[in-house]
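Enquirer: So that we are looking at the same thing, I have put the structure below in structure tokens.
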Amino acid sequence: MAEKKVILKLDGLSKRFQTKNGDVEAVHEVSLEVRDNEFLVLLGPGRCGKTVLLNLIAGLEPPTEGNIFLDGQAISGTHNSIGMVFQKTGMLPWKTVMQNVELGPKLAGEDKKSRRERAQKYIELVGLKGFEKSYPAELSGGMKQRVGIARAYANNPEILLMDEPFGALDAQTRYAMEDELIRIWEKERRTVIFVTNNIEEAAYLGDRIVLFSECPARVKQIYDIDLPRPRNNVDPKFLHIRQMIAENTDLAL
């Protein structure tokens, strides 16, 4: 099988912050190639710098050193081709599900009919048909995350960044949302970069897992996960991968 093309390249990315106690380095010389349509998981101990790296890719923070290339072109700042789903969905509480999902296209100047059709498509894709007129206060945590995913897809990104989107959910909802996310990804086939500190979640979701060291984040090892989908988290091959990664992790996750 031909290898997928590289859509995103990180070249020597580092990030340092100035504090009252001096410079603190969060990310150290990360170089990484991300392939078209893959599900890439960034895994590492809590507070190791994974979210900082994701913010660099999203253009929310400038790197101290290094460059980011999208489709071969150097980029800086935010980019329309890169969308993000946060752990806290940030839904506007005074707007309905439909209004939240269509907000990006609306701000981009898309006409009402077109943006409504696009928003409806993704509302249905994430399983929220019938909740278009509901407000955030009327939704469960899992439903809010579905809105966040629909909203990100409605902006038509090439790459979708996800920062521990299921971290605040209970275990049962989290497992269900992982299955939903894979279903949506298989249907849409866009590049996803997913941050987690949960080894089982990483092995369940990822085509590849990038394991980071404790802070500052350095690429420690990259694992290709050659398991068929849907995956079984009690399968001996799955458990072997999970154990192998756990033994190579700097801190207990």
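Lettering and numbering for the structure tokens are positional, with chains as A, B, ... in the shown order, residues counted from 1 in each chain, and ligands counted from 1 in the shown order.
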Could you go through stretch 58-121 of chain A and tell me which residues DSSP, when run on the backbone, assigns to helix (DSSP H, G or I), listing them as a list in words?

Expert: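 Those in stretch 58-121 of chain A that DSSP calls helix (DSSP H, G or I) are Ala58, Val97, Met98, Gln99, Asn100, Val101, Leu103, Gly104, Pro105, Lys106, Leu107, Lys112, Lys113, Ser114, Arg115, Arg116, Glu117, Arg118, Ala119, Gln120 and Lys121 of chain A.
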
Enquirer: So which residues touch A:Ala119 within 6 Å, counting only C-alpha atoms, skipping near sequence neighbours fewer than 6 positions away, as a list in words?

Expert: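 In the requested form, the answer reads Val101, Glu102 and Ala154 of chain A.
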
Enquirer: Rank nothing, just name the residue among A:Gly77, A:Pro136, A:Gly104, A:Pro216 nearest to A:Leu56, using only C-alpha atoms.

Expert: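 Smallest distance to A:Leu56 is found for A:Gly77.
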
Enquirer: Taking into account only C-alpha atoms, which residue in the set A:Val24, A:Val219, A:Ala108, A:Thr96 is nearest to A:Lys133?

Expert: A:Thr96

Enquirer: For stretch 185-196 of chain A, work out the shell of residues within 7 Å, counting only C-alpha atoms and skipping chain neighbours fewer than 2 positions away, then give it as a PyMOL selection string.

Expert: chain A and resi 36-43+50+158-164+181-183+198+202

Enquirer: With a distance cut-off of 12 Å and only C-alpha atoms, select the neighbouring residues of A:Leu53, excluding the residue or stretch itself and same-chain residues fewer than 2 positions from it, and output the selection as a PyMOL selection string.

Expert: chain A and resi 10+12-16+25-32+42-44+47-51+55-64+66+68+161-163+193-195+212+215-219

Enquirer: When you draw a straight line from atom CA of A:Val6 to atom CA of A:Val34, how long is it in Å?

Expert: 5.6 Å

Enquirer: Quick check, in Å to one decimal: how far apart do atom CA of A:Asp226 and atom CA of A:Pro45 lie?

Expert: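 Separation of atom CA of A:Asp226 and atom CA of A:Pro45: 23.4 Å.
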
Enquirer: So, with only C-alpha atoms as the atoms that count, which of A:Arg146, A:Lys129, A:Lys106, A:Lys113 lies closest to A:Phe86?

Expert: A:Arg146

Enquirer: List the neighbours of A:Glu33 out to 10 Å using only C-alpha atoms; skip same-chain residues closer than 6 positions along the sequence, and give me the result as JSON, numbers by chain.

Expert: {"A": [5, 6, 7, 8, 9, 10, 11, 69]}

Enquirer: Report as a list in words: the residues of stretch 123-222 of chain A with a DSSP assignment of strand (DSSP E or B), based on the backbone of this structure.

Expert: Ile159, Leu160, Leu161, Met162, Asp163, Thr191, Val192, Ile193, Phe194, Val195, Thr196, Arg208, Ile209, Val210, Leu211, Phe212, Ala217, Val219, Lys220, Gln221 and Ile222 of chain A

Enquirer: Please list as a ChimeraX atom specification every residue within 7 Å of A:Pro157, counting only C-alpha atoms and excluding residues in the same chain fewer than 2 positions away.

Expert: /A:80-83,153,155,159-160

Enquirer: Leaving out A:Thr89 and any residue of its chain fewer than 3 positions from it, which residues lie within 9 Å of it when counting only C-alpha atoms, given as number ranges by chain?

Expert: A: 85-86, 144-145, 147-149, 165

Enquirer: From the set A:Thr249, A:Phe238, A:Met177, A:Arg115, which residue has the shortest atom-to-atom contact distance to A:Gly127, counting only C-alpha atoms?

Expert: A:Met177

Enquirer: Hey, which of A:Leu205, A:Ala74, A:Leu54, A:Ile123 ends up closest to A:Arg229? Count only C-alpha atoms.

Expert: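 Closest candidate: A:Leu205.
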